[in-house]
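Undergrad: Got a file for you: start-v4.pdb, PDB, N, CA and C atoms.
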```pdb
ATOM      1  N   MET A   1     -30.229   4.871 -12.757  1.00  0.00           N
ATOM      2  CA  MET A   1     -29.033   5.511 -13.251  1.00  0.00           C
ATOM      3  C   MET A   1     -28.423   6.440 -12.203  1.00  0.00           C
ATOM      4  N   VAL A   2     -29.271   7.071 -11.418  1.00  0.00           N
ATOM      5  CA  VAL A   2     -28.793   7.967 -10.368  1.00  0.00           C
ATOM      6  C   VAL A   2     -28.074   7.170  -9.283  1.00  0.00           C
ATOM      7  N   ASP A   3     -28.585   5.977  -8.974  1.00  0.00           N
ATOM      8  CA  ASP A   3     -27.948   5.142  -7.967  1.00  0.00           C
ATOM      9  C   ASP A   3     -26.549   4.724  -8.401  1.00  0.00           C
ATOM     10  N   LEU A   4     -26.381   4.434  -9.671  1.00  0.00           N
ATOM     11  CA  LEU A   4     -25.069   4.062 -10.186  1.00  0.00           C
ATOM     12  C   LEU A   4     -24.099   5.238 -10.098  1.00  0.00           C
ATOM     13  N   ALA A   5     -24.568   6.426 -10.375  1.00  0.00           N
ATOM     14  CA  ALA A   5     -23.718   7.612 -10.279  1.00  0.00           C
ATOM     15  C   ALA A   5     -23.277   7.849  -8.833  1.00  0.00           C
ATOM     16  N   PHE A   6     -24.182   7.681  -7.884  1.00  0.00           N
ATOM     17  CA  PHE A   6     -23.813   7.825  -6.479  1.00  0.00           C
ATOM     18  C   PHE A   6     -22.808   6.752  -6.058  1.00  0.00           C
ATOM     19  N   PHE A   7     -23.002   5.534  -6.528  1.00  0.00           N
ATOM     20  CA  PHE A   7     -22.078   4.457  -6.199  1.00  0.00           C
ATOM     21  C   PHE A   7     -20.684   4.748  -6.741  1.00  0.00           C
ATOM     22  N   VAL A   8     -20.610   5.206  -7.982  1.00  0.00           N
ATOM     23  CA  VAL A   8     -19.308   5.507  -8.590  1.00  0.00           C
ATOM     24  C   VAL A   8     -18.640   6.680  -7.874  1.00  0.00           C
ATOM     25  N   MET A   9     -19.396   7.681  -7.470  1.00  0.00           N
ATOM     26  CA  MET A   9     -18.823   8.808  -6.737  1.00  0.00           C
ATOM     27  C   MET A   9     -18.282   8.368  -5.381  1.00  0.00           C
ATOM     28  N   ILE A  10     -19.015   7.521  -4.684  1.00  0.00           N
ATOM     29  CA  ILE A  10     -18.548   7.027  -3.386  1.00  0.00           C
ATOM     30  C   ILE A  10     -17.328   6.136  -3.563  1.00  0.00           C
ATOM     31  N   LEU A  11     -17.313   5.310  -4.601  1.00  0.00           N
ATOM     32  CA  LEU A  11     -16.158   4.453  -4.873  1.00  0.00           C
ATOM     33  C   LEU A  11     -14.922   5.278  -5.193  1.00  0.00           C
ATOM     34  N   LEU A  12     -15.063   6.314  -6.006  1.00  0.00           N
ATOM     35  CA  LEU A  12     -13.932   7.188  -6.311  1.00  0.00           C
ATOM     36  C   LEU A  12     -13.437   7.916  -5.074  1.00  0.00           C
ATOM     37  N   LEU A  13     -14.351   8.329  -4.224  1.00  0.00           N
ATOM     38  CA  LEU A  13     -13.964   8.986  -2.987  1.00  0.00           C
ATOM     39  C   LEU A  13     -13.156   8.049  -2.097  1.00  0.00           C
ATOM     40  N   VAL A  14     -13.594   6.814  -1.970  1.00  0.00           N
ATOM     41  CA  VAL A  14     -12.877   5.833  -1.154  1.00  0.00           C
ATOM     42  C   VAL A  14     -11.504   5.548  -1.746  1.00  0.00           C
ATOM     43  N   ILE A  15     -11.415   5.401  -3.063  1.00  0.00           N
ATOM     44  CA  ILE A  15     -10.128   5.137  -3.711  1.00  0.00           C
ATOM     45  C   ILE A  15      -9.167   6.305  -3.509  1.00  0.00           C
ATOM     46  N   ILE A  16      -9.647   7.521  -3.665  1.00  0.00           N
ATOM     47  CA  ILE A  16      -8.779   8.689  -3.494  1.00  0.00           C
ATOM     48  C   ILE A  16      -8.305   8.824  -2.053  1.00  0.00           C
ATOM     49  N   VAL A  17      -9.204   8.646  -1.104  1.00  0.00           N
ATOM     50  CA  VAL A  17      -8.826   8.759   0.308  1.00  0.00           C
ATOM     51  C   VAL A  17      -7.822   7.677   0.687  1.00  0.00           C
ATOM     52  N   PHE A  18      -8.069   6.441   0.257  1.00  0.00           N
ATOM     53  CA  PHE A  18      -7.133   5.362   0.555  1.00  0.00           C
ATOM     54  C   PHE A  18      -5.787   5.610  -0.111  1.00  0.00           C
ATOM     55  N   GLY A  19      -5.790   6.119  -1.337  1.00  0.00           N
ATOM     56  CA  GLY A  19      -4.543   6.394  -2.037  1.00  0.00           C
ATOM     57  C   GLY A  19      -3.726   7.480  -1.372  1.00  0.00           C
ATOM     58  N   VAL A  20      -4.374   8.524  -0.915  1.00  0.00           N
ATOM     59  CA  VAL A  20      -3.664   9.605  -0.229  1.00  0.00           C
ATOM     60  C   VAL A  20      -3.068   9.107   1.083  1.00  0.00           C
ATOM     61  N   ILE A  21      -3.832   8.336   1.827  1.00  0.00           N
ATOM     62  CA  ILE A  21      -3.331   7.800   3.094  1.00  0.00           C
ATOM     63  C   ILE A  21      -2.190   6.827   2.846  1.00  0.00           C
ATOM     64  N   LEU A  22      -2.317   5.970   1.835  1.00  0.00           N
ATOM     65  CA  LEU A  22      -1.259   5.009   1.509  1.00  0.00           C
ATOM     66  C   LEU A  22       0.024   5.714   1.119  1.00  0.00           C
ATOM     67  N   GLN A  23      -0.056   6.717   0.274  1.00  0.00           N
ATOM     68  CA  GLN A  23       1.144   7.423  -0.154  1.00  0.00           C
ATOM     69  C   GLN A  23       1.760   8.232   0.983  1.00  0.00           C
ATOM     70  N   SER A  24       0.945   8.743   1.884  1.00  0.00           N
ATOM     71  CA  SER A  24       1.509   9.493   3.010  1.00  0.00           C
ATOM     72  C   SER A  24       2.196   8.583   4.013  1.00  0.00           C
ATOM     73  N   ILE A  25       1.750   7.340   4.116  1.00  0.00           N
ATOM     74  CA  ILE A  25       2.410   6.393   5.019  1.00  0.00           C
ATOM     75  C   ILE A  25       3.668   5.823   4.381  1.00  0.00           C
ATOM     76  N   VAL A  26       3.597   5.470   3.101  1.00  0.00           N
ATOM     77  CA  VAL A  26       4.726   4.841   2.424  1.00  0.00           C
ATOM     78  C   VAL A  26       5.826   5.848   2.118  1.00  0.00           C
ATOM     79  N   ASN A  27       5.480   7.041   1.677  1.00  0.00           N
ATOM     80  CA  ASN A  27       6.453   8.075   1.316  1.00  0.00           C
ATOM     81  C   ASN A  27       6.190   9.343   2.123  1.00  0.00           C
ATOM     82  N   PRO A  28       6.560   9.365   3.401  1.00  0.00           N
ATOM     83  CA  PRO A  28       6.183  10.515   4.229  1.00  0.00           C
ATOM     84  C   PRO A  28       6.941  11.800   3.891  1.00  0.00           C
ATOM     85  N   GLU A  29       8.151  11.704   3.356  1.00  0.00           N
ATOM     86  CA  GLU A  29       8.947  12.905   3.117  1.00  0.00           C
ATOM     87  C   GLU A  29       9.152  13.191   1.636  1.00  0.00           C
ATOM     88  N   SER A  30       8.300  12.684   0.783  1.00  0.00           N
ATOM     89  CA  SER A  30       8.474  12.916  -0.645  1.00  0.00           C
ATOM     90  C   SER A  30       7.869  14.261  -1.048  1.00  0.00           C
ATOM     91  N   GLU A  31       8.409  14.808  -2.131  1.00  0.00           N
ATOM     92  CA  GLU A  31       7.901  16.071  -2.639  1.00  0.00           C
ATOM     93  C   GLU A  31       6.664  15.823  -3.499  1.00  0.00           C
ATOM     94  N   LEU A  32       5.896  16.860  -3.687  1.00  0.00           N
ATOM     95  CA  LEU A  32       4.691  16.757  -4.503  1.00  0.00           C
ATOM     96  C   LEU A  32       5.081  16.719  -5.976  1.00  0.00           C
ATOM     97  N   LYS A  33       4.830  15.591  -6.629  1.00  0.00           N
ATOM     98  CA  LYS A  33       5.148  15.416  -8.045  1.00  0.00           C
ATOM     99  C   LYS A  33       3.949  14.764  -8.724  1.00  0.00           C
ATOM    100  N   TRP A  34       3.982  14.706 -10.050  1.00  0.00           N
ATOM    101  CA  TRP A  34       2.881  14.117 -10.803  1.00  0.00           C
ATOM    102  C   TRP A  34       2.808  12.617 -10.642  1.00  0.00           C
ATOM    103  N   ASP A  35       3.948  11.948 -10.423  1.00  0.00           N
ATOM    104  CA  ASP A  35       3.895  10.492 -10.262  1.00  0.00           C
ATOM    105  C   ASP A  35       3.251  10.089  -8.944  1.00  0.00           C
ATOM    106  N   ILE A  36       3.283  10.939  -7.956  1.00  0.00           N
ATOM    107  CA  ILE A  36       2.565  10.654  -6.705  1.00  0.00           C
ATOM    108  C   ILE A  36       1.057  10.714  -6.956  1.00  0.00           C
ATOM    109  N   LEU A  37       0.632  11.684  -7.754  1.00  0.00           N
ATOM    110  CA  LEU A  37      -0.786  11.769  -8.098  1.00  0.00           C
ATOM    111  C   LEU A  37      -1.230  10.539  -8.877  1.00  0.00           C
ATOM    112  N   ASN A  38      -0.370  10.036  -9.738  1.00  0.00           N
ATOM    113  CA  ASN A  38      -0.668   8.805 -10.468  1.00  0.00           C
ATOM    114  C   ASN A  38      -0.756   7.624  -9.503  1.00  0.00           C
ATOM    115  N   ALA A  39       0.146   7.569  -8.534  1.00  0.00           N
ATOM    116  CA  ALA A  39       0.152   6.468  -7.574  1.00  0.00           C
ATOM    117  C   ALA A  39      -1.061   6.502  -6.652  1.00  0.00           C
ATOM    118  N   VAL A  40      -1.607   7.691  -6.415  1.00  0.00           N
ATOM    119  CA  VAL A  40      -2.804   7.808  -5.571  1.00  0.00           C
ATOM    120  C   VAL A  40      -3.969   7.051  -6.192  1.00  0.00           C
ATOM    121  N   PHE A  41      -4.062   7.032  -7.507  1.00  0.00           N
ATOM    122  CA  PHE A  41      -5.131   6.303  -8.179  1.00  0.00           C
ATOM    123  C   PHE A  41      -4.726   4.887  -8.571  1.00  0.00           C
ATOM    124  N   TYR A  42      -3.481   4.695  -8.967  1.00  0.00           N
ATOM    125  CA  TYR A  42      -3.028   3.426  -9.536  1.00  0.00           C
ATOM    126  C   TYR A  42      -3.006   2.304  -8.502  1.00  0.00           C
ATOM    127  N   TYR A  43      -2.308   2.507  -7.391  1.00  0.00           N
ATOM    128  CA  TYR A  43      -2.162   1.443  -6.397  1.00  0.00           C
ATOM    129  C   TYR A  43      -3.483   1.039  -5.743  1.00  0.00           C
ATOM    130  N   PRO A  44      -4.296   1.972  -5.273  1.00  0.00           N
ATOM    131  CA  PRO A  44      -5.566   1.545  -4.649  1.00  0.00           C
ATOM    132  C   PRO A  44      -6.520   0.860  -5.610  1.00  0.00           C
ATOM    133  N   TYR A  45      -6.517   1.284  -6.880  1.00  0.00           N
ATOM    134  CA  TYR A  45      -7.427   0.668  -7.835  1.00  0.00           C
ATOM    135  C   TYR A  45      -7.093  -0.804  -8.026  1.00  0.00           C
ATOM    136  N   PHE A  46      -5.818  -1.122  -8.185  1.00  0.00           N
ATOM    137  CA  PHE A  46      -5.451  -2.515  -8.396  1.00  0.00           C
ATOM    138  C   PHE A  46      -5.427  -3.310  -7.088  1.00  0.00           C
ATOM    139  N   GLN A  47      -5.223  -2.654  -5.956  1.00  0.00           N
ATOM    140  CA  GLN A  47      -5.316  -3.359  -4.680  1.00  0.00           C
ATOM    141  C   GLN A  47      -6.750  -3.755  -4.379  1.00  0.00           C
ATOM    142  N   MET A  48      -7.689  -3.042  -4.934  1.00  0.00           N
ATOM    143  CA  MET A  48      -9.086  -3.401  -4.780  1.00  0.00           C
ATOM    144  C   MET A  48      -9.363  -4.769  -5.412  1.00  0.00           C
ATOM    145  N   TYR A  49      -8.576  -5.134  -6.433  1.00  0.00           N
ATOM    146  CA  TYR A  49      -8.732  -6.418  -7.107  1.00  0.00           C
ATOM    147  C   TYR A  49      -7.746  -7.466  -6.612  1.00  0.00           C
ATOM    148  N   GLY A  50      -6.944  -7.149  -5.582  1.00  0.00           N
ATOM    149  CA  GLY A  50      -6.088  -8.142  -4.964  1.00  0.00           C
ATOM    150  C   GLY A  50      -4.619  -8.048  -5.324  1.00  0.00           C
ATOM    151  N   GLU A  51      -4.205  -7.100  -6.125  1.00  0.00           N
ATOM    152  CA  GLU A  51      -2.791  -6.944  -6.471  1.00  0.00           C
ATOM    153  C   GLU A  51      -2.093  -6.218  -5.328  1.00  0.00           C
ATOM    154  N   LEU A  52      -0.986  -6.774  -4.840  1.00  0.00           N
ATOM    155  CA  LEU A  52      -0.312  -6.198  -3.681  1.00  0.00           C
ATOM    156  C   LEU A  52       0.971  -5.459  -4.028  1.00  0.00           C
ATOM    157  N   PHE A  53       1.467  -5.590  -5.252  1.00  0.00           N
ATOM    158  CA  PHE A  53       2.681  -4.903  -5.703  1.00  0.00           C
ATOM    159  C   PHE A  53       3.877  -5.235  -4.825  1.00  0.00           C
ATOM    160  N   LEU A  54       4.035  -6.493  -4.489  1.00  0.00           N
ATOM    161  CA  LEU A  54       5.153  -6.907  -3.652  1.00  0.00           C
ATOM    162  C   LEU A  54       6.479  -6.830  -4.394  1.00  0.00           C
ATOM    163  N   GLU A  55       6.462  -7.013  -5.707  1.00  0.00           N
ATOM    164  CA  GLU A  55       7.702  -6.971  -6.464  1.00  0.00           C
ATOM    165  C   GLU A  55       8.214  -5.542  -6.667  1.00  0.00           C
ATOM    166  N   ASP A  56       7.372  -4.548  -6.481  1.00  0.00           N
ATOM    167  CA  ASP A  56       7.795  -3.158  -6.636  1.00  0.00           C
ATOM    168  C   ASP A  56       8.546  -2.643  -5.419  1.00  0.00           C
ATOM    169  N   GLY A  57       8.453  -3.340  -4.309  1.00  0.00           N
ATOM    170  CA  GLY A  57       9.112  -2.873  -3.096  1.00  0.00           C
ATOM    171  C   GLY A  57       8.413  -1.678  -2.493  1.00  0.00           C
ATOM    172  N   LEU A  58       7.117  -1.616  -2.639  1.00  0.00           N
ATOM    173  CA  LEU A  58       6.366  -0.470  -2.144  1.00  0.00           C
ATOM    174  C   LEU A  58       6.420  -0.371  -0.625  1.00  0.00           C
ATOM    175  N   PHE A  59       6.473  -1.497   0.045  1.00  0.00           N
ATOM    176  CA  PHE A  59       6.398  -1.497   1.497  1.00  0.00           C
ATOM    177  C   PHE A  59       7.709  -1.893   2.156  1.00  0.00           C
ATOM    178  N   LYS A  60       8.842  -1.624   1.538  1.00  0.00           N
ATOM    179  CA  LYS A  60      10.127  -1.898   2.173  1.00  0.00           C
ATOM    180  C   LYS A  60      10.387  -0.845   3.242  1.00  0.00           C
ATOM    181  N   THR A  61      10.797  -1.309   4.401  1.00  0.00           N
ATOM    182  CA  THR A  61      11.020  -0.374   5.498  1.00  0.00           C
ATOM    183  C   THR A  61      12.476   0.009   5.652  1.00  0.00           C
ATOM    184  N   GLY A  62      13.383  -0.819   5.173  1.00  0.00           N
ATOM    185  CA  GLY A  62      14.801  -0.536   5.326  1.00  0.00           C
ATOM    186  C   GLY A  62      15.329  -0.917   6.696  1.00  0.00           C
ATOM    187  N   ILE A  63      14.551  -1.572   7.498  1.00  0.00           N
ATOM    188  CA  ILE A  63      14.986  -1.989   8.827  1.00  0.00           C
ATOM    189  C   ILE A  63      15.659  -3.342   8.713  1.00  0.00           C
ATOM    190  N   VAL A  64      16.889  -3.420   9.211  1.00  0.00           N
ATOM    191  CA  VAL A  64      17.627  -4.679   9.201  1.00  0.00           C
ATOM    192  C   VAL A  64      17.736  -5.150  10.641  1.00  0.00           C
ATOM    193  N   LEU A  65      17.223  -6.322  10.894  1.00  0.00           N
ATOM    194  CA  LEU A  65      17.278  -6.867  12.248  1.00  0.00           C
ATOM    195  C   LEU A  65      18.554  -7.682  12.406  1.00  0.00           C
ATOM    196  N   SER A  66      19.350  -7.331  13.402  1.00  0.00           N
ATOM    197  CA  SER A  66      20.519  -8.149  13.689  1.00  0.00           C
ATOM    198  C   SER A  66      20.078  -9.246  14.641  1.00  0.00           C
ATOM    199  N   CYS A  67      20.340 -10.457  14.255  1.00  0.00           N
ATOM    200  CA  CYS A  67      19.788 -11.571  14.986  1.00  0.00           C
ATOM    201  C   CYS A  67      20.713 -12.767  14.828  1.00  0.00           C
ATOM    202  N   ASN A  68      20.983 -13.456  15.908  1.00  0.00           N
ATOM    203  CA  ASN A  68      21.729 -14.704  15.781  1.00  0.00           C
ATOM    204  C   ASN A  68      20.790 -15.867  16.057  1.00  0.00           C
ATOM    205  N   SER A  69      21.229 -17.048  15.770  1.00  0.00           N
ATOM    206  CA  SER A  69      20.329 -18.197  15.817  1.00  0.00           C
ATOM    207  C   SER A  69      19.956 -18.630  17.229  1.00  0.00           C
ATOM    208  N   SER A  70      20.599 -18.082  18.239  1.00  0.00           N
ATOM    209  CA  SER A  70      20.264 -18.484  19.607  1.00  0.00           C
ATOM    210  C   SER A  70      18.983 -17.809  20.112  1.00  0.00           C
ATOM    211  N   LEU A  71      18.595 -16.728  19.490  1.00  0.00           N
ATOM    212  CA  LEU A  71      17.384 -16.049  19.929  1.00  0.00           C
ATOM    213  C   LEU A  71      16.151 -16.781  19.422  1.00  0.00           C
ATOM    214  N   PRO A  72      15.101 -16.857  20.227  1.00  0.00           N
ATOM    215  CA  PRO A  72      13.904 -17.585  19.785  1.00  0.00           C
ATOM    216  C   PRO A  72      13.164 -16.890  18.641  1.00  0.00           C
ATOM    217  N   CYS A  73      13.376 -15.596  18.460  1.00  0.00           N
ATOM    218  CA  CYS A  73      12.668 -14.907  17.384  1.00  0.00           C
ATOM    219  C   CYS A  73      13.244 -15.249  16.016  1.00  0.00           C
ATOM    220  N   CYS A  74      14.455 -15.777  15.989  1.00  0.00           N
ATOM    221  CA  CYS A  74      15.114 -16.032  14.710  1.00  0.00           C
ATOM    222  C   CYS A  74      14.986 -17.475  14.241  1.00  0.00           C
ATOM    223  N   ARG A  75      14.435 -18.320  15.070  1.00  0.00           N
ATOM    224  CA  ARG A  75      14.281 -19.711  14.644  1.00  0.00           C
ATOM    225  C   ARG A  75      13.228 -19.807  13.566  1.00  0.00           C
ATOM    226  N   ARG A  76      13.482 -20.654  12.614  1.00  0.00           N
ATOM    227  CA  ARG A  76      12.522 -20.820  11.519  1.00  0.00           C
ATOM    228  C   ARG A  76      11.373 -21.697  11.984  1.00  0.00           C
ATOM    229  N   ARG A  77      10.199 -21.176  11.789  1.00  0.00           N
ATOM    230  CA  ARG A  77       9.001 -21.937  12.129  1.00  0.00           C
ATOM    231  C   ARG A  77       8.097 -21.970  10.915  1.00  0.00           C
ATOM    232  N   TYR A  78       7.541 -23.118  10.676  1.00  0.00           N
ATOM    233  CA  TYR A  78       6.655 -23.263   9.525  1.00  0.00           C
ATOM    234  C   TYR A  78       5.264 -23.626  10.033  1.00  0.00           C
ATOM    235  N   PHE A  79       4.297 -22.919   9.553  1.00  0.00           N
ATOM    236  CA  PHE A  79       2.918 -23.172   9.945  1.00  0.00           C
ATOM    237  C   PHE A  79       2.265 -24.046   8.898  1.00  0.00           C
ATOM    238  N   THR A  80       2.336 -25.345   9.093  1.00  0.00           N
ATOM    239  CA  THR A  80       1.698 -26.269   8.150  1.00  0.00           C
ATOM    240  C   THR A  80       0.824 -27.247   8.895  1.00  0.00           C
TER     241      THR A  80
END
```
Could you express the structure from this file as structure tokens?

TA:
Amino acid sequence: MVDLAFFVMILLLVIIVFGVILQSIVNPESELKWDILNAVFYYPYFQMYGELFLEDGLFKTGIVLSCNSSLPCCRRRYFT
């Protein structure tokens, strides 16, 4: 039973640390609010099970690349 308690404490520590780092990278200039505290636990917990939250737009950078089709970086390539 003691081993399980240590495992759960270490798991919670890892989740909290990852959540704080994730929120500081994704929202560097946000104010301290209760929803950030919720996100510190919510996102890492479900990412541990493989959920990436791509539909939420969590990792949108806002960078728009101007590119025309003559550049090699803009050609469509499919890896199949």

Undergrad: May I ask for the distance between atom N of Phe46 in chain A and atom N of Trp34 in chain A, given in Å to one decimal place?

TA: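 These atoms are spaced 18.7 Å apart.
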
Undergrad: Between atom N of Tyr43 in chain A and atom N of Leu11 in chain A, what is the distance in Å, rounded to a tenth?

TA: 15.5 Å

Undergrad: Would you pick out the contacts of Phe41 in chain A at 10 Å or less, using only C-alpha atoms, so that residues sharing its chain but fewer than 6 positions from it are not included, and give the list as a list in words?

TA: Leu12, Ile15, Ile16, Val17, Phe18, Gly19 and Val20 of chain A

Undergrad: Can you spit out the residues from that selection as a compact mmCIF listing (two decimals), in the coordinates of the input, using N, CA and C atoms?

TA:
```txt
# COMPACT_ATOMS: atom_id res chain seq x y z
N LEU A 12 -15.06 6.31 -6.01
CA LEU A 12 -13.93 7.19 -6.31
C LEU A 12 -13.44 7.92 -5.07
N ILE A 15 -11.42 5.40 -3.06
CA ILE A 15 -10.13 5.14 -3.71
C ILE A 15 -9.17 6.30 -3.51
N ILE A 16 -9.65 7.52 -3.66
CA ILE A 16 -8.78 8.69 -3.49
C ILE A 16 -8.30 8.82 -2.05
N VAL A 17 -9.20 8.65 -1.10
CA VAL A 17 -8.83 8.76 0.31
C VAL A 17 -7.82 7.68 0.69
N PHE A 18 -8.07 6.44 0.26
CA PHE A 18 -7.13 5.36 0.56
C PHE A 18 -5.79 5.61 -0.11
N GLY A 19 -5.79 6.12 -1.34
CA GLY A 19 -4.54 6.39 -2.04
C GLY A 19 -3.73 7.48 -1.37
N VAL A 20 -4.37 8.52 -0.92
CA VAL A 20 -3.66 9.60 -0.23
C VAL A 20 -3.07 9.11 1.08
```

Undergrad: Which distance in Å separates atom N of Phe53 in chain A and CA of Phe7 in chain A, to one decimal?

TA: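 Value for the atom N of Phe53 in chain A-CA of Phe7 in chain A distance: 25.6 Å.
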
Undergrad: The centre and edge lengths of an axis-aligned box containing all atoms of range 28-45 of chain A present in the file, extended by 8 Å on each side, are to be given in Å to one decimal, as JSON.

TA:
```
{"center_x": 0.9, "center_y": 8.0, "center_z": -3.3, "size_x": 32.6, "size_y": 33.7, "size_z": 31.0}
```
